[in-house]
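Q: Below you'll find the structure I mean.
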Amino acid sequence: MKKLLAILLAVCLMAGLVACGETATTETTETTETTEAVAGAFKIGGTAPLTGPAAIYGTAVKNAAELAVEEINAEGGIQFELRMEDDQHDAEKAVNAYNTLKDWGMQISLGSVTSKPCEATSTETYADRIFALTPSASSTATIEGKDNQFQMCFTDPNQGSASAQYIADKALATKVAVIWKSDDVYSKGIYDTFMATAPGLGIEVVSDTTFVDGNDTDFSVQLADAQANGAELVFLPMYYTPASLILNQANAMGYAPVWFGVDGMDGILTLEGFDTALAEGVILLTPFNADSEDARTAAFVAKYQEKYGEIPNQFAADAYDCVYAYKQALEAVGATADMTAEELCDLMIAQFTTMTYDGITGESMTWDASGAVTKDPKGMVIENGAYVGLD
Amino acid sequence: MKLLTNKTTRSNTITYAVVVISFVLLQLWSGAGMSSSLKGMLVPICAYVVMALSLNLTVGVLGELSLGHAGFMSVGAFTGTTAAMALAQSIPSDGLRLAIAMVVGALFAAIAGFLIGIPVLRLRGDYLAIVTLAFGEIIKSIFTNLYVGFDGGLRVSLLSNQTGIADNDLIIRGPMGIGGITKISTFVAGFVLIMLTLIVIFNLVNSRSGRAIMALRDNRIAAESVGIPVTKYKMMAFVISAALAGAAGTLFGLNYSTVVANKFDFNTSILILVFVVLGGQGRMLGSIIAAAALTILPEVLREFADYRMLVYAIVLILVMIFTNNPTIKGFFTRLFSKKQEGGANQ
């Protein structure tokens, strides 16, 4: 009897949920119907980790892309219909999600948010001739050998050499320590090119230490090594969470070199419970600065904050730029929404390799045939708890 | 005794028939308007079915709980894919290369199974489960630190790339796993692998060794007292299970353009265990259906958007309750016993 009761309860719960799910889906179909009613809309799709450990990046991309689509649709002219599917930061799920999007009739793609899933989906988009512009999958493997895969973010290696170049150009230091995460694609990609570029520019790497996932809370050994070898600058190619701990622990041991980070450092000021005074003087290379005075950036940040209640990070900015770059490209070639994905793919390849785009993550961006973007990284320094342009 | 043999033969035949018929139907359907979503899942479904079947051999037939089955899948995926990539020049035929890759994957997984079996099979119950769990993590850790390249001969190094081959030309690139895989897995290959797995498992279970293995499961002390060597038979089941998982891993790995070690973590092991438990321990047809259904389910639930994983969990709970409810079970047994003339009365 008890068991039957349990089943009954579960069924009730299930029914309730189904009802919830239904209302949610009807709502979305309603909004898509209205956009379709205005004019034939281009179907943009992308896979993103909306659940799981990388959900913070996927959600940022989804939110910003939605915001951009809403703005563009409100203007009239080109209309978009956006659909993001969850890939759980997993290649297998990403391919499943991509196939779902294909069934839906996706015409142009935002690829995937994270590198490994994007590597898997880019093979599919390449085979199916669907043009893809990924906001944030930065590994070179995502675009390598695929003529219809483009990136909005820097490739990882690009950041490493740009960092070394920047340190040398500004004469920030000659003795450098590097702390990097050896089991992370992002960190390793930057580290490898940094190490390849640095010696040629007169930078001496005096300390080279690593950490791995699950062992990223105590950095005293790495910091002591950097200090003992007299490093004037410590290069931190990593995301901001471990970086915040490094800054904290270095402060505790009285070590104060110049800190140099890359775009993963973006977000450190909004990290909960982090004393921003510790980040004072940290230099980072990033294409996006949420505190910028630029009118478009300010408008984007304000709108994003109003809608989602948080400051957009670089992933969000890249996604926002992706949608606007699509808008510009589609307008330039005079594409219509009744074109097939294949026709659009050829038009987009021709257009992206020749056009120049001004966005919130960089001015006059161009793409080469490989699909990599050329844009200038901005050097930022943290002063009084805010990012300030270095140049 | 004769009745018993008849019964197993019949249930085995039903299993084979279900697999063959669904293969033929799916193959016809995929030629005529199957959605790309389902089409894309055919090969992973085959891989998961083989994983579930092979784990069922350890859990259902041998009666030992293994929580590291994804580890063997990982070994198969990495070694098999490496073999396929290294042989890309010398063997142009995709089918042959896939077959060889699967054999390599199965072989390496069997070796891994043997090595891990030596210490693990001395343990029982919870202890064995925990050690296999640890083994899965070790395998994951090894593959995140392994660098393998091919320049006529295989070059292997651990921790950092000292193979003398440029990073981008490596086959296994440490934490970045394998990239740029040419996809050669096909649904037909998956079907053949499922059939082979069924043949191996059914023949093993019906053999003298299989009966010895089941005797160990049912009562170890009694089995030992009549002279059945415990370690030998446990090892036999464990290694065969590992080898089949390795072949499934190769099939899975060669279906995507990229493979990373983190994919084959604890969660994947548990997922496969869920297939087995849901399908019924020792029941092969159950494993096949559960693996296929639970692989498709999360994709079908995509229309629930944000509630997807929640609905998935609830469906799982419901199915577990329903399949194990004595009232419902009894209902189905009665239904079947009416239809079949006395097959299910003992």
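Letters for chains follow the order of the structure tokens (A, B, ...), residue numbers begin at 1 for each chain, and ligand numbers begin at 1 in the order shown.
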Counting only C-alpha atoms, which residues of chain B sit at most 7 Å from some atom of chain A, and what is each one's closest atom pair with its distance in Å to one decimal, listed by chain and rising residue number, as CSV?
A:
```
residue,atom,partner,partner_atom,distance
B:Ser35,CA,A:Asp103,CA,6.3
B:Ser36,CA,A:Asn99,CA,5.4
B:Ser37,CA,A:Asn99,CA,4.4
B:Gly40,CA,A:Asn96,CA,6.6
B:Met41,CA,A:Asn96,CA,7.0
B:Thr144,CA,A:Asp183,CA,6.9
B:Pro175,CA,A:Asp183,CA,5.1
B:Met176,CA,A:Val185,CA,5.8
B:Tyr256,CA,A:Ala120,CA,6.3
B:Ser257,CA,A:Ala120,CA,5.2
B:Thr258,CA,A:Ala120,CA,5.9
B:Glu303,CA,A:Thr25,CA,6.9
B:Phe304,CA,A:Gly21,CA,5.0
B:Tyr307,CA,A:Gly21,CA,6.5
B:Leu318,CA,A:Ala10,CA,6.9
```
Q: Take the residues from that selection and write them out as a PDB file, in the first residue's frame, keeping N, CA and C atoms.
A:
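Contents of result12.pdb, as written:
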```pdb
ATOM      1  N   SER B  35      15.217  11.401 -38.084  1.00  0.00           N
ATOM      2  CA  SER B  35      15.764  12.708 -37.710  1.00  0.00           C
ATOM      3  C   SER B  35      17.272  12.585 -37.482  1.00  0.00           C
ATOM      4  N   SER B  36      18.009  13.669 -37.775  1.00  0.00           N
ATOM      5  CA  SER B  36      19.463  13.554 -37.614  1.00  0.00           C
ATOM      6  C   SER B  36      19.838  13.373 -36.157  1.00  0.00           C
ATOM      7  N   SER B  37      18.951  13.822 -35.271  1.00  0.00           N
ATOM      8  CA  SER B  37      19.222  13.650 -33.849  1.00  0.00           C
ATOM      9  C   SER B  37      19.323  12.168 -33.495  1.00  0.00           C
ATOM     10  N   GLY B  40      22.297  10.410 -35.270  1.00  0.00           N
ATOM     11  CA  GLY B  40      23.572  10.661 -34.600  1.00  0.00           C
ATOM     12  C   GLY B  40      23.765   9.824 -33.355  1.00  0.00           C
ATOM     13  N   MET B  41      22.660   9.310 -32.812  1.00  0.00           N
ATOM     14  CA  MET B  41      22.783   8.546 -31.568  1.00  0.00           C
ATOM     15  C   MET B  41      22.918   7.047 -31.789  1.00  0.00           C
ATOM     16  N   THR B 144      45.193  11.581 -18.924  1.00  0.00           N
ATOM     17  CA  THR B 144      45.348  13.045 -19.006  1.00  0.00           C
ATOM     18  C   THR B 144      46.819  13.428 -19.035  1.00  0.00           C
ATOM     19  N   PRO B 175      46.316  16.389 -21.617  1.00  0.00           N
ATOM     20  CA  PRO B 175      44.985  16.819 -21.185  1.00  0.00           C
ATOM     21  C   PRO B 175      44.044  17.129 -22.339  1.00  0.00           C
ATOM     22  N   MET B 176      44.599  17.383 -23.522  1.00  0.00           N
ATOM     23  CA  MET B 176      43.733  17.700 -24.647  1.00  0.00           C
ATOM     24  C   MET B 176      43.172  16.456 -25.320  1.00  0.00           C
ATOM     25  N   TYR B 256      33.527  10.080 -32.756  1.00  0.00           N
ATOM     26  CA  TYR B 256      33.591  11.522 -32.550  1.00  0.00           C
ATOM     27  C   TYR B 256      34.945  12.011 -33.026  1.00  0.00           C
ATOM     28  N   SER B 257      35.019  13.316 -33.313  1.00  0.00           N
ATOM     29  CA  SER B 257      36.297  13.806 -33.807  1.00  0.00           C
ATOM     30  C   SER B 257      37.270  14.047 -32.666  1.00  0.00           C
ATOM     31  N   THR B 258      36.796  13.977 -31.439  1.00  0.00           N
ATOM     32  CA  THR B 258      37.688  14.214 -30.311  1.00  0.00           C
ATOM     33  C   THR B 258      37.299  13.354 -29.105  1.00  0.00           C
ATOM     34  N   GLU B 303      12.821  19.208 -25.046  1.00  0.00           N
ATOM     35  CA  GLU B 303      11.763  20.222 -25.115  1.00  0.00           C
ATOM     36  C   GLU B 303      11.381  20.749 -23.745  1.00  0.00           C
ATOM     37  N   PHE B 304      11.836  20.075 -22.691  1.00  0.00           N
ATOM     38  CA  PHE B 304      11.556  20.607 -21.358  1.00  0.00           C
ATOM     39  C   PHE B 304      12.528  21.717 -20.990  1.00  0.00           C
ATOM     40  N   TYR B 307      14.091  22.291 -17.428  1.00  0.00           N
ATOM     41  CA  TYR B 307      13.690  21.244 -16.497  1.00  0.00           C
ATOM     42  C   TYR B 307      14.190  19.874 -16.916  1.00  0.00           C
ATOM     43  N   LEU B 318      10.901   6.892 -11.277  1.00  0.00           N
ATOM     44  CA  LEU B 318       9.634   6.238 -11.573  1.00  0.00           C
ATOM     45  C   LEU B 318       9.852   4.859 -12.176  1.00  0.00           C
TER      46      LEU B 318
END
```
Q: Need to verify the contact set: Ala250 (chain A), 12 Å, only C-alpha atoms, exclusion of same-chain residues closer than 2 positions in sequence. Can you return it as a PDB file with N, CA and C atoms, in the first residue's frame?
A:
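Written out: around.pdb:
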```pdb
ATOM      1  N   ASP A 218      46.679  25.584  -2.570  1.00  0.00           N
ATOM      2  CA  ASP A 218      47.892  26.033  -1.899  1.00  0.00           C
ATOM      3  C   ASP A 218      48.987  26.287  -2.928  1.00  0.00           C
ATOM      4  N   PHE A 219      49.430  27.534  -3.010  1.00  0.00           N
ATOM      5  CA  PHE A 219      50.424  27.895  -4.024  1.00  0.00           C
ATOM      6  C   PHE A 219      51.735  28.340  -3.388  1.00  0.00           C
ATOM      7  N   SER A 220      51.949  27.999  -2.121  1.00  0.00           N
ATOM      8  CA  SER A 220      53.124  28.518  -1.433  1.00  0.00           C
ATOM      9  C   SER A 220      54.422  28.037  -2.088  1.00  0.00           C
ATOM     10  N   VAL A 221      54.434  26.775  -2.553  1.00  0.00           N
ATOM     11  CA  VAL A 221      55.645  26.241  -3.170  1.00  0.00           C
ATOM     12  C   VAL A 221      55.979  27.003  -4.456  1.00  0.00           C
ATOM     13  N   GLN A 222      54.969  27.193  -5.299  1.00  0.00           N
ATOM     14  CA  GLN A 222      55.172  27.888  -6.567  1.00  0.00           C
ATOM     15  C   GLN A 222      55.621  29.329  -6.335  1.00  0.00           C
ATOM     16  N   LEU A 223      54.977  29.984  -5.373  1.00  0.00           N
ATOM     17  CA  LEU A 223      55.304  31.384  -5.107  1.00  0.00           C
ATOM     18  C   LEU A 223      56.693  31.519  -4.500  1.00  0.00           C
ATOM     19  N   ALA A 224      57.047  30.591  -3.607  1.00  0.00           N
ATOM     20  CA  ALA A 224      58.374  30.635  -2.988  1.00  0.00           C
ATOM     21  C   ALA A 224      59.444  30.452  -4.055  1.00  0.00           C
ATOM     22  N   ASP A 225      59.173  29.571  -5.010  1.00  0.00           N
ATOM     23  CA  ASP A 225      60.118  29.326  -6.094  1.00  0.00           C
ATOM     24  C   ASP A 225      60.308  30.588  -6.942  1.00  0.00           C
ATOM     25  N   ALA A 226      59.199  31.244  -7.253  1.00  0.00           N
ATOM     26  CA  ALA A 226      59.266  32.470  -8.043  1.00  0.00           C
ATOM     27  C   ALA A 226      60.049  33.540  -7.290  1.00  0.00           C
ATOM     28  N   GLN A 227      59.785  33.650  -5.983  1.00  0.00           N
ATOM     29  CA  GLN A 227      60.444  34.673  -5.173  1.00  0.00           C
ATOM     30  C   GLN A 227      61.942  34.388  -5.052  1.00  0.00           C
ATOM     31  N   VAL A 234      55.138  37.921 -12.485  1.00  0.00           N
ATOM     32  CA  VAL A 234      54.601  36.560 -12.495  1.00  0.00           C
ATOM     33  C   VAL A 234      53.456  36.511 -13.510  1.00  0.00           C
ATOM     34  N   ALA A 243      43.725  32.295  -9.523  1.00  0.00           N
ATOM     35  CA  ALA A 243      44.533  33.518  -9.512  1.00  0.00           C
ATOM     36  C   ALA A 243      44.259  34.326  -8.249  1.00  0.00           C
ATOM     37  N   SER A 244      42.990  34.350  -7.817  1.00  0.00           N
ATOM     38  CA  SER A 244      42.663  35.122  -6.620  1.00  0.00           C
ATOM     39  C   SER A 244      43.373  34.548  -5.396  1.00  0.00           C
ATOM     40  N   LEU A 245      43.494  33.204  -5.362  1.00  0.00           N
ATOM     41  CA  LEU A 245      44.185  32.570  -4.235  1.00  0.00           C
ATOM     42  C   LEU A 245      45.675  32.881  -4.272  1.00  0.00           C
ATOM     43  N   ILE A 246      46.226  32.895  -5.480  1.00  0.00           N
ATOM     44  CA  ILE A 246      47.653  33.198  -5.623  1.00  0.00           C
ATOM     45  C   ILE A 246      47.938  34.612  -5.107  1.00  0.00           C
ATOM     46  N   LEU A 247      47.109  35.552  -5.496  1.00  0.00           N
ATOM     47  CA  LEU A 247      47.310  36.932  -5.059  1.00  0.00           C
ATOM     48  C   LEU A 247      47.226  37.028  -3.536  1.00  0.00           C
ATOM     49  N   ASN A 248      46.256  36.327  -2.998  1.00  0.00           N
ATOM     50  CA  ASN A 248      46.061  36.324  -1.554  1.00  0.00           C
ATOM     51  C   ASN A 248      47.278  35.770  -0.816  1.00  0.00           C
ATOM     52  N   ALA A 252      50.210  37.422   1.667  1.00  0.00           N
ATOM     53  CA  ALA A 252      50.490  36.927   3.016  1.00  0.00           C
ATOM     54  C   ALA A 252      51.980  36.697   3.223  1.00  0.00           C
ATOM     55  N   MET A 253      52.701  36.288   2.165  1.00  0.00           N
ATOM     56  CA  MET A 253      54.141  36.045   2.331  1.00  0.00           C
ATOM     57  C   MET A 253      54.968  37.270   1.949  1.00  0.00           C
ATOM     58  N   GLY A 254      54.312  38.370   1.685  1.00  0.00           N
ATOM     59  CA  GLY A 254      55.021  39.620   1.440  1.00  0.00           C
ATOM     60  C   GLY A 254      55.754  39.673   0.115  1.00  0.00           C
ATOM     61  N   TYR A 255      55.242  38.961  -0.879  1.00  0.00           N
ATOM     62  CA  TYR A 255      55.871  38.951  -2.198  1.00  0.00           C
ATOM     63  C   TYR A 255      55.035  39.830  -3.116  1.00  0.00           C
ATOM     64  N   ALA A 256      55.627  40.848  -3.701  1.00  0.00           N
ATOM     65  CA  ALA A 256      54.839  41.777  -4.526  1.00  0.00           C
ATOM     66  C   ALA A 256      55.483  42.040  -5.878  1.00  0.00           C
ATOM     67  N   PRO A 257      55.458  41.072  -6.798  1.00  0.00           N
ATOM     68  CA  PRO A 257      55.959  41.313  -8.143  1.00  0.00           C
ATOM     69  C   PRO A 257      54.863  41.994  -8.976  1.00  0.00           C
ATOM     70  N   VAL A 258      55.136  42.210 -10.252  1.00  0.00           N
ATOM     71  CA  VAL A 258      54.082  42.658 -11.159  1.00  0.00           C
ATOM     72  C   VAL A 258      53.283  41.408 -11.528  1.00  0.00           C
ATOM     73  N   TRP A 259      51.979  41.461 -11.446  1.00  0.00           N
ATOM     74  CA  TRP A 259      51.146  40.316 -11.827  1.00  0.00           C
ATOM     75  C   TRP A 259      50.615  40.539 -13.232  1.00  0.00           C
ATOM     76  N   LEU A 278      43.813  43.478  -3.152  1.00  0.00           N
ATOM     77  CA  LEU A 278      44.899  42.559  -3.483  1.00  0.00           C
ATOM     78  C   LEU A 278      45.202  42.576  -4.973  1.00  0.00           C
ATOM     79  N   ALA A 279      44.198  42.873  -5.778  1.00  0.00           N
ATOM     80  CA  ALA A 279      44.373  42.853  -7.229  1.00  0.00           C
ATOM     81  C   ALA A 279      44.910  44.181  -7.745  1.00  0.00           C
TER      82      ALA A 279
END
```
Q: Would you list the contacts of Ala277 (chain A) as a list of chain:residue names, taking every protein, DNA or RNA residue within 9 Å and counting only C-alpha atoms, but skipping same-chain residues closer than 6 positions in sequence?
A: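 Once the nearby chain positions are removed, what remains is A:Glu383, A:Asn384, A:Gly385.
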Q: Could the residues in this selection be written to a file with N, CA, C and O atoms, as a compact mmCIF listing (two decimals), in the first residue's frame?
A:
```txt
# COMPACT_ATOMS: atom_id res chain seq x y z
N GLU A 383 43.20 49.51 -11.07
CA GLU A 383 43.51 50.64 -10.20
C GLU A 383 42.28 51.01 -9.41
O GLU A 383 41.20 51.19 -9.97
N ASN A 384 42.42 51.13 -8.13
CA ASN A 384 41.31 51.48 -7.24
C ASN A 384 40.08 50.60 -7.49
O ASN A 384 38.96 51.08 -7.54
N GLY A 385 40.33 49.31 -7.66
CA GLY A 385 39.23 48.36 -7.81
C GLY A 385 38.49 48.47 -9.12
O GLY A 385 37.33 48.09 -9.22
```
Q: In Å, how far is it from CA of Gly359 (chain A) to CA of Asp321 (chain A)?
A: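 Between these atoms lies a distance of 5.7 Å.
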Q: Name all residues at most 9 Å from Leu273 (chain B) (count only C-alpha atoms; drop same-chain ones fewer than 6 positions away) and give them as an mmCIF file with all heavy atoms, in the first residue's frame.
A:
```cif
data_model
loop_
_atom_site.group_PDB
_atom_site.id
_atom_site.type_symbol
_atom_site.label_atom_id
_atom_site.label_comp_id
_atom_site.auth_asym_id
_atom_site.auth_seq_id
_atom_site.Cartn_x
_atom_site.Cartn_y
_atom_site.Cartn_z
ATOM 1 N N ALA B 52 26.802 -1.938 -21.283
ATOM 2 C CA ALA B 52 25.842 -2.469 -20.316
ATOM 3 C C ALA B 52 25.907 -3.989 -20.279
ATOM 4 O O ALA B 52 25.932 -4.598 -19.207
ATOM 5 C CB ALA B 52 24.437 -2.002 -20.672
ATOM 6 N N LEU B 55 29.102 -5.051 -18.526
ATOM 7 C CA LEU B 55 29.050 -4.850 -17.069
ATOM 8 C C LEU B 55 28.086 -5.841 -16.440
ATOM 9 O O LEU B 55 28.300 -6.300 -15.321
ATOM 10 C CB LEU B 55 28.628 -3.415 -16.741
ATOM 11 C CG LEU B 55 28.662 -3.075 -15.248
ATOM 12 C CD1 LEU B 55 30.080 -3.191 -14.706
ATOM 13 C CD2 LEU B 55 28.138 -1.688 -14.976
ATOM 14 N N ASN B 56 27.053 -6.208 -17.190
ATOM 15 C CA ASN B 56 26.104 -7.187 -16.672
ATOM 16 C C ASN B 56 26.796 -8.522 -16.409
ATOM 17 O O ASN B 56 26.413 -9.273 -15.516
ATOM 18 C CB ASN B 56 24.953 -7.370 -17.667
ATOM 19 C CG ASN B 56 23.668 -7.756 -16.971
ATOM 20 O OD1 ASN B 56 23.694 -8.242 -15.850
ATOM 21 N ND2 ASN B 56 22.558 -7.538 -17.632
ATOM 22 N N VAL B 59 28.460 -7.783 -13.006
ATOM 23 C CA VAL B 59 27.521 -7.530 -11.914
ATOM 24 C C VAL B 59 26.473 -8.642 -11.817
ATOM 25 O O VAL B 59 26.208 -9.165 -10.743
ATOM 26 C CB VAL B 59 26.832 -6.159 -12.099
ATOM 27 C CG1 VAL B 59 25.803 -5.936 -11.021
ATOM 28 C CG2 VAL B 59 27.860 -5.053 -12.085
ATOM 29 N N LEU B 65 30.203 -6.023 -7.703
ATOM 30 C CA LEU B 65 29.841 -4.666 -8.087
ATOM 31 C C LEU B 65 31.084 -3.919 -8.564
ATOM 32 O O LEU B 65 32.033 -3.767 -7.819
ATOM 33 C CB LEU B 65 29.229 -3.941 -6.888
ATOM 34 C CG LEU B 65 28.652 -2.559 -7.158
ATOM 35 C CD1 LEU B 65 27.533 -2.638 -8.157
ATOM 36 C CD2 LEU B 65 28.163 -1.952 -5.861
ATOM 37 N N SER B 66 31.088 -3.485 -9.828
ATOM 38 C CA SER B 66 32.234 -2.736 -10.342
ATOM 39 C C SER B 66 31.819 -1.310 -10.651
ATOM 40 O O SER B 66 30.861 -1.080 -11.364
ATOM 41 C CB SER B 66 32.777 -3.412 -11.606
ATOM 42 O OG SER B 66 33.624 -2.522 -12.297
ATOM 43 N N LEU B 67 32.545 -0.355 -10.095
ATOM 44 C CA LEU B 67 32.222 1.056 -10.323
ATOM 45 C C LEU B 67 33.252 1.730 -11.223
ATOM 46 O O LEU B 67 33.325 2.935 -11.301
ATOM 47 C CB LEU B 67 32.141 1.813 -8.996
ATOM 48 C CG LEU B 67 31.030 1.393 -8.040
ATOM 49 C CD1 LEU B 67 31.110 2.192 -6.757
ATOM 50 C CD2 LEU B 67 29.681 1.592 -8.686
ATOM 51 N N HIS B 69 33.840 0.713 -14.573
ATOM 52 C CA HIS B 69 33.731 0.135 -15.911
ATOM 53 C C HIS B 69 34.082 1.131 -17.006
ATOM 54 O O HIS B 69 34.577 0.746 -18.055
ATOM 55 C CB HIS B 69 32.327 -0.422 -16.117
ATOM 56 C CG HIS B 69 32.290 -1.619 -17.011
ATOM 57 N ND1 HIS B 69 33.073 -2.721 -16.778
ATOM 58 C CD2 HIS B 69 31.601 -1.873 -18.137
ATOM 59 C CE1 HIS B 69 32.844 -3.601 -17.734
ATOM 60 N NE2 HIS B 69 31.959 -3.115 -18.576
#
```
Q: Smallest atom-to-atom distance to Leu285 (chain A): which of A:Asp376, A:Glu342, A:Asp318, A:Glu331, using only C-alpha atoms?
A: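 Result for the nearest residue to Leu285 (chain A): A:Asp376.
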Q: DSSP on the backbone, then: every residue of region 23-169 of chain A marked helix (DSSP H, G or I), written as JSON, numbers by chain.
A: {"A": [23, 24, 25, 26, 27, 28, 29, 30, 31, 32, 33, 34, 35, 36, 37, 38, 55, 56, 57, 58, 59, 60, 61, 62, 63, 64, 65, 66, 67, 68, 69, 70, 71, 72, 73, 74, 75, 91, 92, 93, 94, 95, 96, 97, 98, 99, 100, 101, 102, 103, 104, 115, 116, 117, 118, 119, 120, 121, 122, 123, 124, 125, 126, 127, 128, 140, 141, 142, 156, 157, 158, 159, 160, 161, 162, 163, 164, 165, 166, 167, 168, 169]}
Q: Provide the CA of Asn313 (chain A) to CA of Asp213 (chain A) distance in Å, to one decimal place.
A: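 Calculated distance between CA of Asn313 (chain A) and CA of Asp213 (chain A) is 22.7 Å.
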Q: Determine, counting only C-alpha atoms, which protein, DNA and RNA residues have an atom within 7 Å of an atom of region 169-173 of chain B; residues of the same chain fewer than 4 positions away are not included. Present the result as a PDB file with N, CA, C and O atoms, in the first residue's frame.
A:
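Listed below is the output, out_33.pdb:
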```pdb
ATOM      1  N   THR B  82      44.057   5.341 -31.147  1.00  0.00           N
ATOM      2  CA  THR B  82      45.473   5.512 -31.503  1.00  0.00           C
ATOM      3  C   THR B  82      45.852   4.538 -32.613  1.00  0.00           C
ATOM      4  O   THR B  82      46.498   4.915 -33.600  1.00  0.00           O
ATOM      5  N   LEU B 146      49.249  11.446 -20.643  1.00  0.00           N
ATOM      6  CA  LEU B 146      49.941  10.613 -21.609  1.00  0.00           C
ATOM      7  C   LEU B 146      50.096  11.341 -22.949  1.00  0.00           C
ATOM      8  O   LEU B 146      49.159  11.986 -23.410  1.00  0.00           O
ATOM      9  N   TYR B 147      51.286  11.246 -23.507  1.00  0.00           N
ATOM     10  CA  TYR B 147      51.541  11.847 -24.816  1.00  0.00           C
ATOM     11  C   TYR B 147      52.002  10.736 -25.754  1.00  0.00           C
ATOM     12  O   TYR B 147      52.979  10.060 -25.461  1.00  0.00           O
ATOM     13  N   VAL B 148      51.289  10.556 -26.835  1.00  0.00           N
ATOM     14  CA  VAL B 148      51.653   9.511 -27.784  1.00  0.00           C
ATOM     15  C   VAL B 148      51.687  10.100 -29.191  1.00  0.00           C
ATOM     16  O   VAL B 148      50.769  10.811 -29.594  1.00  0.00           O
ATOM     17  N   GLY B 149      52.766   9.838 -29.896  1.00  0.00           N
ATOM     18  CA  GLY B 149      52.866  10.293 -31.274  1.00  0.00           C
ATOM     19  C   GLY B 149      53.264   9.133 -32.174  1.00  0.00           C
ATOM     20  O   GLY B 149      53.657   8.069 -31.696  1.00  0.00           O
ATOM     21  N   PHE B 150      53.121   9.339 -33.471  1.00  0.00           N
ATOM     22  CA  PHE B 150      53.446   8.270 -34.410  1.00  0.00           C
ATOM     23  C   PHE B 150      54.244   8.842 -35.573  1.00  0.00           C
ATOM     24  O   PHE B 150      53.807   9.764 -36.251  1.00  0.00           O
ATOM     25  N   ILE B 165      58.088  14.899 -31.177  1.00  0.00           N
ATOM     26  CA  ILE B 165      57.131  15.212 -32.237  1.00  0.00           C
ATOM     27  C   ILE B 165      56.404  16.488 -31.807  1.00  0.00           C
ATOM     28  O   ILE B 165      56.103  16.665 -30.624  1.00  0.00           O
ATOM     29  N   GLY B 177      43.589  15.291 -24.854  1.00  0.00           N
ATOM     30  CA  GLY B 177      43.064  14.054 -25.404  1.00  0.00           C
ATOM     31  C   GLY B 177      43.453  13.859 -26.857  1.00  0.00           C
ATOM     32  O   GLY B 177      44.493  14.310 -27.306  1.00  0.00           O
ATOM     33  N   ILE B 178      42.600  13.166 -27.587  1.00  0.00           N
ATOM     34  CA  ILE B 178      42.851  12.929 -28.997  1.00  0.00           C
ATOM     35  C   ILE B 178      41.974  13.883 -29.793  1.00  0.00           C
ATOM     36  O   ILE B 178      40.805  14.060 -29.484  1.00  0.00           O
TER      37      ILE B 178
END
```
Q: So how far away is CA of Ile56 (chain A) from CA of Ala298 (chain A), in Å?
A: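 Atom-to-atom, CA of Ala298 (chain A) and CA of Ile56 (chain A) are spaced 21.7 Å apart.
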Q: What residues in region 122-293 of chain B get the DSSP label strand (DSSP E or B)? Please answer as a list of chain:residue names.
A: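 Answer for region 122-293 of chain B restricted to strand (DSSP E or B) is B:Leu146, B:Tyr147, B:Val148, B:Gly149, B:Phe150, B:Leu154, B:Arg155, B:Val156, B:Ser157, B:Leu158, B:Ile172, B:Arg173, B:Ile178, B:Val259.
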Q: Within 9 Å of Val19 (chain B), counting only C-alpha atoms, which residues qualify if same-chain residues fewer than 5 places away don't, as a PyMOL selection string?
A: chain B and resi 14+24+191+194-195+285+288
Q: Rank A:Gly389, A:Gly105, A:Pro53, A:Gly334 by their smallest atom-to-atom distance to Glu293 (chain A), using only C-alpha atoms, and report the top residue only.
A: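 Checking each candidate against Glu293 (chain A), we get A:Gly389 as the closest.
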Q: Extract, using only C-alpha atoms, all DNA, RNA and protein residues at most 10 Å from Tyr166 (chain A), discarding same-chain residues fewer than 3 positions from it, and format them as a CSV table (one decimal) with N, CA and C atoms, in the first residue's frame.
A:
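In the end it all went to part01.csv:
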```csv
chain,number,residue,atom,x,y,z
A,160,GLY,N,49.3,33.8,-25.7
A,160,GLY,CA,50.6,33.6,-25.1
A,160,GLY,C,51.6,34.5,-25.8
A,161,SER,N,51.6,34.5,-27.1
A,161,SER,CA,52.6,35.3,-27.8
A,161,SER,C,52.3,36.8,-27.6
A,162,ALA,N,51.0,37.2,-27.6
A,162,ALA,CA,50.7,38.6,-27.4
A,162,ALA,C,51.1,39.1,-26.0
A,163,SER,N,51.0,38.2,-25.0
A,163,SER,CA,51.4,38.5,-23.7
A,163,SER,C,52.9,38.8,-23.6
A,169,ASP,N,57.5,44.8,-25.1
A,169,ASP,CA,57.3,46.1,-25.6
A,169,ASP,C,57.2,47.2,-24.5
A,170,LYS,N,56.5,46.9,-23.4
A,170,LYS,CA,56.4,47.9,-22.4
A,170,LYS,C,57.5,47.8,-21.4
A,171,ALA,N,58.5,46.9,-21.6
A,171,ALA,CA,59.6,46.7,-20.7
A,171,ALA,C,59.2,46.5,-19.3
A,172,LEU,N,58.2,45.6,-19.1
A,172,LEU,CA,57.7,45.4,-17.7
A,172,LEU,C,58.6,44.7,-16.9
A,285,LEU,N,45.6,41.1,-20.1
A,285,LEU,CA,45.3,41.3,-21.5
A,285,LEU,C,43.9,40.8,-21.7
A,377,PRO,N,44.5,42.8,-28.4
A,377,PRO,CA,44.2,42.7,-27.0
A,377,PRO,C,44.4,44.0,-26.3
A,378,LYS,N,43.6,44.3,-25.4
A,378,LYS,CA,43.7,45.6,-24.6
A,378,LYS,C,44.5,45.3,-23.3
A,379,GLY,N,45.5,46.1,-23.1
A,379,GLY,CA,46.2,45.9,-21.8
A,379,GLY,C,45.4,46.7,-20.7
```
